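*Asks:* First, the structure itself, so that you have it in front of you.
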Amino acid sequence: MTMTTATATGITPRPPLPPREARKRRWGIALVLILATLWSVSGLNITFDRLVGAPGDAWAVLRQMVPPAFAKVYERGVVGKIFESVYIAWIGTIIGAILSLPLAFLAAHNVAPGWVRTPVRQLFNAIRAVPELILAVIFIPITGLGAWAGTLAIGIHSIGTLGKWATESIESIDNGPIEAVQATGGQWVSGMRWAVIPQVMPTITSYWLFRFEINVRASAVLGMIGAGGVGSELVSHLVFRDFPAACAVLLMTITVVLTIDTVSAAVRRRIIRGSTGTGDEASRSTEALVDLTGLKR
Amino acid sequence: MTDIASTRPTRPRPRIRTLGITLALVAFTVFAAREVSFSFSTFWEVWSNPLWEKFWPIPWEWVLDGDNVIRPLVETFQIAVVSTVIGCGLALPISFAMSPLTTPNRPTHLISRAVMNVVRAVPDLFWAKLLVTAIGIGAFAGSWALSVFSLAVMVKLFSETIDSADPGPLEAARAAGGRHTPVVRTGVLPTVLPAYVAYALYVFELNIRASVVLGLVGAGGIGRVLEAQRQFFKFDRILGILVLIFVIVWIVDQISVALRKRLV
Amino acid sequence: MIRLENLSVTYPGGVEALRGVDLSVGEGEFVVIVGLSGAGKSTLLRVLNGLVPATSGSVTVDGTEVVGASAATLRRVRSRTGMIFQTFNLVHRTTVVNNVLMGRLSAVSPWRSTLGLWPAEDREAAMIALERVGIVEKAYVRASDLSGGQQQRVGIARALAQEPSLMLADEPVASLDPITSRQVMGDLRRINQELGITTVVNLHFLDLAREYARRLIGLRDGELVYDGDIAEVDESTFQEIYGRAITADDLLAMGEERVSPNDG
């Protein structure tokens with residue numbers, strides 16, 4: 001914040017821009033945006049006829065997808081593969097949850113000293129920056145192809161996101177009970193266990209569930225590079241241009257994902273409501289907040 | 001003091017239902033762990049695997065070379081920009097169509113909501129692979145895929161904001177008479193615009209990370225380079241690229257945070 | 001029991017909270033400290049159990065020097081010192097008895113307490129403490145479901161569970177209505193008389209101070225300006241301590257009880 005010249009009243013907050021200034025600034029940003037878009041579009045060779053042709057190509061493929069070949073796909077064992085994706089997501093989320101929770105305590109500014117906080121926070125950031133797919137790429141040569149590579153990839157990546165969310169939860173609690181534990185002569189660990197955890201567990205648990213929802217999608221994708229799950233089925237059908245089969249796989253995956261989403265959302269609402277007792281208001285804003293902080297990753 | 005022991009309440013026993021649910025979850029976890037070949041020893045093996053040596057040292061000359069890496073990275077960036085613009089741009093009207101507050105009529109609302117849910121249920125890379133198959137390999141397909149997904153993400157985030165926006169100005173605008181679109185534009189848009197911008201920047205960050213992996217399915221960008229290197233086991237190059245990506249993402253993060261502070 | 005010698009506390013921002021305070025409190029005394037907000041009451045209390053570090057001077061509690069003490073020594077002192085807070089500082093989401101058990105943390109190994117495997121004798125101590133303050137029937141109720149007065153009594157029970165030799169109360173009734181305030185102060189006095197625990201209480205309300213104190217300490221701007229028996233205290237004493245005339249805000253209740261019948 002720049003400081004205006006010292007006035008008699010002391011430090012004044014930055015004054016709102018006069019309308020012309022604000023408008024100029026907004027136009028400036030819009031201009032940058034337009035230029036960037038044009039540059040990108042030209043760089044990607046998005047010519048007009050390609051643009052127009054694309055929906056047509058997509059439509060052609062779409063038409064070939066109907067009717068979806070459910071029976072054929074079922075025989076190939078796609079249901080088992082879908083379940084495999086769910087298992088991968090489940091175990092991966094658990095790994096991420098278990099490893100991220102203790103670390104989150106070390107990263108929160110109201111419970112951990114600075115020299116511990118910074119490396120842990122940077123660790124979270126570093127892990128978050130690497131997409132699960134890349135992690136799987138790294139793990140496959142070491143663990144071999146299959147579900148375990150995918151699980152590890154999801155697990156390790158989740159540590160980053162779950163850690164960040166957990167840290168934020170911990171930092172937003174009422175610090176009073178922590179002081180109370182100190183005053184009774186309790187140790188740091190006891191303070192965490194009795195003053196912090198009861199306050200944050202409902203929110204953190206709902207974050208875990210939310211991450212699980214995201215991870216189910218991630219594990220489906222991981223299959224595409226051979227790290228277990230239904231992705232491999234989709235890829236093989238597409239490669240052989242067997243569109244009805246691909247469509248069937250897609251539809252079945254969508255159904256499972258939607259079901260898990262709905263059930264998980266209901267459970268999350270229940271958890272949050274049970275802890276605050278205020279019902280819909282809290283759950284709604286919690287959902288929005290959770291969405292904001294990490295819908296995709 | 002009154003008769004002490006008789007006023008003490010008994011300790012509540014854990015409910016059967018809670019126990020049952022916990023047991024079921026544990027059983028499921030054990031089962032799932034076996035299905036994915038979970039093994040504690042892997043953690044140790046992974047750590048001490050000699051393969052890690054192939055990741056070091058990083059061949060910076062190769063990594064920083066324009067053709068090898070920089071150009072695909074630029075392409076990745078461009079994919080992110082285009083996808084964000086298209087996705088967030090379309091998200092604006094669609095969000096308004098989805099929200100009960102501002103939707104013109106009920107069917108529009110229901111249909112949009114259903115479609116968005118389905119779109120969100122499909123993993124982004126599935127879209128990418130589909131489009132690659134349909135349209136052909138390359139960044140073009142990648143942009144389409146990410147645009148669709150950006151649209152879904154943005155609509156979900158943004159419609160929540162619209163739903164919880166102050167209905168006051170909207171009512172006032174409606175009361176003053178006027179057709180639907182101008183009413184929405186003056187009554188709601190100014191209130192939700194800051195949130196829109198914040199979300200758009202966030203989606204942009206997501207897209208940069210996503211476009212990295214797009215290449216793994218042939219949809220252009222740095223991912224293709226990564227996949228190629230992986231097939232030749234050139235892990236040291238992969239690590240170098242990852243470091244570069246990390247730095248770029250970090251820079252974009254910082255800029256985005258700064259921008260968000262100044263705009264909101 | 002307590003001995004302060006030339007105690008000074010300056011906070012990192014430069015605020016001098018206490019200046020050269022000399023004070024001596026014997027075992028079993030019931031001392032009330034009054035003073036304007038910012039006079040140093042809270043600081044004085046928190047120096048006694050080391051929650052706030054002293055800048056200079058000496059603080060001896062039950063024979064142990066607190067200033068500059070090691071973490072282990074501080075924990076030992078704190079385990080024998082019970083503290084009650086204005087905002088109760090209970091954990092809302094868990095039961096009353098779990099809150100009281102927190103008083104036994106220093107007596108039980110961290111492993112057992114973390115896992116919640118409290119030994120039988122500690123559970124018994126918690127129950128006895130709850131009986132002393134008269135709310136044992138609420139033992140398994142969620143803390144947030146209690147009224148303010150009940151919550152503070154849980155706070156007292158938590159302190160009692162420590163089997164302390166010193167009780168510190170930082171404005172324990174500031175958030176309570178007149179009837180409940182008198183109940184809580186009555187509990188504190190009763191505990192002091194029946195168990196002989198030295199008690200130091202910060203109070204904001206002067207009429208309450210006169211009702212319950214046996215010895216009155218006055219602080220102003222970080223300095224000790226009054227120390228005497230309650231029998232010798234009158235209106236002018238308070239004016240002396242505050243440095244201004246007494247207003248209605250400084251008194252708990254004008255005349256008789258007015259409020260809620262359901263506290264207790």
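By convention in this document, the chains of the structure tokens carry letters A, B, ... by their order, each chain's residues are numbered from 1, and ligands are numbered from 1 in the order they are shown.
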Check the DSSP output for the backbone and give back, as a compact mmCIF listing (two decimals) with C-alpha atoms, in the first residue's frame, the residues of range 42-219 of chain C in strand (DSSP E or B).
*Replies:*
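Written out: out_3.txt:
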```txt
# COMPACT_ATOMS: atom_id res chain seq x y z
CA SER C 56 12.57 -7.94 34.50
CA GLY C 57 12.13 -8.61 38.17
CA SER C 58 11.31 -11.77 40.04
CA VAL C 59 8.16 -13.85 40.33
CA THR C 60 8.05 -16.69 42.80
CA VAL C 61 5.08 -19.02 42.93
CA THR C 64 9.56 -21.68 42.33
CA GLU C 65 11.03 -18.82 40.33
CA THR C 81 -2.05 -23.31 39.02
CA GLY C 82 -5.62 -23.33 37.80
CA MET C 83 -6.79 -20.57 35.46
CA ILE C 84 -10.26 -19.37 34.55
CA THR C 95 -18.41 -32.99 26.20
CA ARG C 142 -21.80 -30.94 24.67
CA LEU C 166 -3.30 -21.45 43.30
CA MET C 167 -6.36 -20.29 41.38
CA LEU C 168 -6.20 -17.42 38.88
CA ALA C 169 -9.38 -15.91 37.48
CA ASP C 170 -9.16 -13.34 34.68
CA THR C 198 -5.07 -19.27 47.20
CA THR C 199 -7.24 -17.27 44.81
CA VAL C 200 -6.44 -14.19 42.74
CA VAL C 201 -9.30 -12.67 40.76
CA ASN C 202 -9.38 -9.81 38.27
CA ARG C 215 -7.99 -8.09 50.14
CA LEU C 216 -8.06 -5.55 47.36
CA ILE C 217 -5.28 -4.66 44.97
CA GLY C 218 -5.54 -1.67 42.69
CA LEU C 219 -3.56 -1.22 39.49
```
*Asks:* Using only C-alpha atoms, what does the table of chain A residues within 7 Å of chain C look like, with each row giving the shortest atom pair and its distance in Å to one decimal, sorted by chain and ascending number, as a tab-separated table?
*Replies:*
```
residue	atom	partner	partner_atom	distance
A:Gly176	CA	C:Asn89	CA	4.8
A:Pro177	CA	C:Asn89	CA	4.7
A:Ala180	CA	C:Asn89	CA	6.2
A:Val181	CA	C:Met102	CA	6.7
A:Ala183	CA	C:Arg78	CA	5.6
A:Thr184	CA	C:Ser79	CA	5.0
A:Gly185	CA	C:Arg75	CA	4.3
A:Gly186	CA	C:Ser106	CA	5.2
A:Ser190	CA	C:Thr114	CA	6.2
A:Arg193	CA	C:Thr114	CA	6.0
A:Ala195	CA	C:Val91	CA	6.2
A:Pro198	CA	C:Arg93	CA	6.1
A:Gln199	CA	C:Arg93	CA	6.6
```
*Asks:* Could you take the residues named above and write them with C-alpha atoms, as an mmCIF file, in the first residue's frame?
*Replies:*
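Written out: selection14.cif:
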```cif
data_model
loop_
_atom_site.group_PDB
_atom_site.id
_atom_site.type_symbol
_atom_site.label_atom_id
_atom_site.label_comp_id
_atom_site.auth_asym_id
_atom_site.auth_seq_id
_atom_site.Cartn_x
_atom_site.Cartn_y
_atom_site.Cartn_z
ATOM 1 C CA GLY A 176 -8.687 -19.706 23.603
ATOM 2 C CA PRO A 177 -8.749 -23.441 24.315
ATOM 3 C CA ALA A 180 -6.370 -23.100 28.441
ATOM 4 C CA VAL A 181 -4.346 -26.244 27.776
ATOM 5 C CA ALA A 183 -2.456 -22.951 31.529
ATOM 6 C CA THR A 184 -3.038 -26.441 32.879
ATOM 7 C CA GLY A 185 0.539 -27.401 32.179
ATOM 8 C CA GLY A 186 -0.235 -29.548 29.168
ATOM 9 C CA SER A 190 -2.056 -32.296 24.111
ATOM 10 C CA ARG A 193 -5.267 -33.096 20.430
ATOM 11 C CA ALA A 195 -7.972 -27.839 21.760
ATOM 12 C CA PRO A 198 -12.131 -31.082 18.063
ATOM 13 C CA GLN A 199 -12.563 -27.699 16.428
#
```
*Asks:* Within 8 Å of chain C, which residues belong to chain B? Use only C-alpha atoms and report them as an NGL selection string.
*Replies:* :B and (4 or 7-9 or 11-12)
*Asks:* Could those residues be written to a file, using C-alpha atoms, as a short mmCIF file (atom, residue, chain, number, x, y, z; two decimals), in the first residue's frame?
*Replies:*
```cif
data_model
loop_
_atom_site.label_atom_id
_atom_site.label_comp_id
_atom_site.auth_asym_id
_atom_site.auth_seq_id
_atom_site.Cartn_x
_atom_site.Cartn_y
_atom_site.Cartn_z
CA ILE B 4 -22.97 -37.86 45.44
CA THR B 7 -26.56 -37.87 40.63
CA ARG B 8 -23.74 -38.82 38.31
CA PRO B 9 -24.87 -39.61 34.79
CA ARG B 11 -21.18 -42.67 30.40
CA PRO B 12 -22.94 -42.97 27.05
#
```
*Asks:* Any chance you could list, as a ChimeraX atom specification, the residues in range 139-218 of chain C that come up helix (DSSP H, G or I) when DSSP is run on the backbone?
*Replies:* /C:143-145,148-161,178-195,206-212
*Asks:* Now that the selection is made, can you save its residues with C-alpha atoms as a JSON list (two decimals), in the first residue's frame?
*Replies:*
```
[["chain", "number", "residue", "atom", "x", "y", "z"],
["C", 143, "ALA", "CA", -20.12, -27.88, 26.10],
["C", 144, "SER", "CA", -21.74, -25.51, 23.62],
["C", 145, "ASP", "CA", -25.19, -26.57, 24.82],
["C", 148, "GLY", "CA", -22.72, -18.95, 30.01],
["C", 149, "GLY", "CA", -22.81, -19.44, 33.74],
["C", 150, "GLN", "CA", -22.69, -23.20, 33.39],
["C", 151, "GLN", "CA", -19.78, -22.97, 31.00],
["C", 152, "GLN", "CA", -17.79, -20.91, 33.42],
["C", 153, "ARG", "CA", -18.45, -23.44, 36.13],
["C", 154, "VAL", "CA", -17.06, -26.10, 33.81],
["C", 155, "GLY", "CA", -14.03, -23.85, 33.52],
["C", 156, "ILE", "CA", -13.77, -23.78, 37.28],
["C", 157, "ALA", "CA", -14.14, -27.55, 37.43],
["C", 158, "ARG", "CA", -11.36, -27.88, 34.89],
["C", 159, "ALA", "CA", -9.11, -25.80, 37.10],
["C", 160, "LEU", "CA", -10.15, -27.74, 40.19],
["C", 161, "ALA", "CA", -9.38, -31.04, 38.51],
["C", 178, "PRO", "CA", -25.73, -10.37, 37.62],
["C", 179, "ILE", "CA", -27.30, -13.49, 39.13],
["C", 180, "THR", "CA", -24.89, -15.87, 37.45],
["C", 181, "SER", "CA", -21.98, -13.62, 38.25],
["C", 182, "ARG", "CA", -22.78, -13.86, 41.92],
["C", 183, "GLN", "CA", -23.14, -17.62, 41.66],
["C", 184, "VAL", "CA", -19.71, -17.96, 40.07],
["C", 185, "MET", "CA", -18.07, -15.59, 42.52],
["C", 186, "GLY", "CA", -19.78, -17.48, 45.30],
["C", 187, "ASP", "CA", -18.31, -20.72, 43.95],
["C", 188, "LEU", "CA", -14.86, -19.20, 43.91],
["C", 189, "ARG", "CA", -15.19, -17.96, 47.46],
["C", 190, "ARG", "CA", -16.52, -21.28, 48.66],
["C", 191, "ILE", "CA", -13.64, -23.15, 47.02],
["C", 192, "ASN", "CA", -11.20, -20.78, 48.61],
["C", 193, "GLN", "CA", -12.72, -21.27, 52.05],
["C", 194, "GLU", "CA", -13.36, -25.02, 51.90],
["C", 195, "LEU", "CA", -10.22, -26.13, 50.09],
["C", 206, "LEU", "CA", -16.36, -2.66, 41.72],
["C", 207, "ASP", "CA", -19.45, -3.57, 43.73],
["C", 208, "LEU", "CA", -18.71, -7.22, 43.12],
["C", 209, "ALA", "CA", -15.15, -6.63, 44.28],
["C", 210, "ARG", "CA", -16.38, -5.16, 47.50],
["C", 211, "GLU", "CA", -18.78, -8.02, 48.05],
["C", 212, "TYR", "CA", -16.36, -10.85, 47.61]]
```
*Asks:* Using only C-alpha atoms, determine which residues lie at most 12 Å from Glu232 in chain C, disregarding the query and same-chain residues fewer than 4 positions distant; provide the list as JSON, numbers by chain.
*Replies:* {"C": [210, 213, 214, 215, 216, 226, 227, 228, 236, 237, 238]}
*Asks:* So which residues touch range 37-44 of chain A within 12 Å, counting only C-alpha atoms, skipping near sequence neighbours fewer than 2 positions away, as a PyMOL selection string?
*Replies:* (chain A and resi 30-35+46-48+50-51) or (chain B and resi 71-86+138-144+219-221)
*Asks:* Taking a cut-off of 7 Å and counting only C-alpha atoms, can you build a table that, for each residue of chain A near chain B, reports the nearest atom pair and how far apart they are in Å (one decimal), sorted by chain then residue number, as JSON lines?
*Replies:*
```
{"residue": "A:Thr37", "atom": "CA", "partner": "B:Val82", "partner_atom": "CA", "distance": 6.0}
{"residue": "A:Ser40", "atom": "CA", "partner": "B:Gln78", "partner_atom": "CA", "distance": 4.4}
{"residue": "A:Val41", "atom": "CA", "partner": "B:Val82", "partner_atom": "CA", "distance": 6.7}
{"residue": "A:Leu44", "atom": "CA", "partner": "B:Ala139", "partner_atom": "CA", "distance": 6.3}
{"residue": "A:Ile46", "atom": "CA", "partner": "B:Phe140", "partner_atom": "CA", "distance": 6.7}
{"residue": "A:Ala54", "atom": "CA", "partner": "B:Ile135", "partner_atom": "CA", "distance": 6.1}
{"residue": "A:Asp57", "atom": "CA", "partner": "B:Ile135", "partner_atom": "CA", "distance": 5.9}
{"residue": "A:Ala58", "atom": "CA", "partner": "B:Ala134", "partner_atom": "CA", "distance": 5.4}
{"residue": "A:Val61", "atom": "CA", "partner": "B:Ala134", "partner_atom": "CA", "distance": 5.9}
{"residue": "A:Tyr87", "atom": "CA", "partner": "B:Ala32", "partner_atom": "CA", "distance": 5.0}
{"residue": "A:Ile88", "atom": "CA", "partner": "B:Val36", "partner_atom": "CA", "distance": 6.3}
{"residue": "A:Ile91", "atom": "CA", "partner": "B:Ala33", "partner_atom": "CA", "distance": 6.3}
{"residue": "A:Ala129", "atom": "CA", "partner": "B:Phe246", "partner_atom": "CA", "distance": 6.3}
{"residue": "A:Leu133", "atom": "CA", "partner": "B:Val213", "partner_atom": "CA", "distance": 6.8}
{"residue": "A:Ile142", "atom": "CA", "partner": "B:Val46", "partner_atom": "CA", "distance": 6.6}
{"residue": "A:Ala147", "atom": "CA", "partner": "B:Val36", "partner_atom": "CA", "distance": 5.0}
{"residue": "A:Trp148", "atom": "CA", "partner": "B:Val36", "partner_atom": "CA", "distance": 5.4}
{"residue": "A:Arg217", "atom": "CA", "partner": "B:Pro123", "partner_atom": "CA", "distance": 5.2}
{"residue": "A:Ala218", "atom": "CA", "partner": "B:Pro123", "partner_atom": "CA", "distance": 7.0}
{"residue": "A:Val221", "atom": "CA", "partner": "B:Leu125", "partner_atom": "CA", "distance": 6.2}
{"residue": "A:Leu238", "atom": "CA", "partner": "B:Thr133", "partner_atom": "CA", "distance": 6.8}
{"residue": "A:Ile254", "atom": "CA", "partner": "B:Ala121", "partner_atom": "CA", "distance": 5.5}
{"residue": "A:Val257", "atom": "CA", "partner": "B:Ala121", "partner_atom": "CA", "distance": 5.9}
{"residue": "A:Leu258", "atom": "CA", "partner": "B:Ala121", "partner_atom": "CA", "distance": 6.0}
{"residue": "A:Ala288", "atom": "CA", "partner": "B:Glu160", "partner_atom": "CA", "distance": 6.5}
{"residue": "A:Asp291", "atom": "CA", "partner": "B:Leu157", "partner_atom": "CA", "distance": 6.7}
{"residue": "A:Leu292", "atom": "CA", "partner": "B:Leu157", "partner_atom": "CA", "distance": 6.7}
```
*Asks:* Which one of B:Ala152, B:Leu146, B:Ala128, B:Ile70 sits closest to Ala91 in chain B if you count only C-alpha atoms?
*Replies:*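 Closest to Ala91 in chain B of all the choices is B:Ala152.
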*Asks:* Could you work out how far CA of Trp60 in chain B lies from CA of Ile241 in chain B, giving the answer in Å with one decimal?
*Replies:* 9.2 Å
*Asks:* What is the distance, in Å and to one decimal place, between CA of Leu92 in chain B and CA of Lys24 in chain A?
*Replies:*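 According to the coordinates, CA of Leu92 in chain B and CA of Lys24 in chain A are separated by 23.1 Å.
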*Asks:* Which residues, written as a PyMOL selection string, have at least one atom at most 7 Å from range 104-109 of chain A, with only C-alpha atoms counted and residues fewer than 2 positions away on the same chain left out?
*Replies:* chain A and resi 100-102+111-113+116-117+120-121+163+166-167+170-171
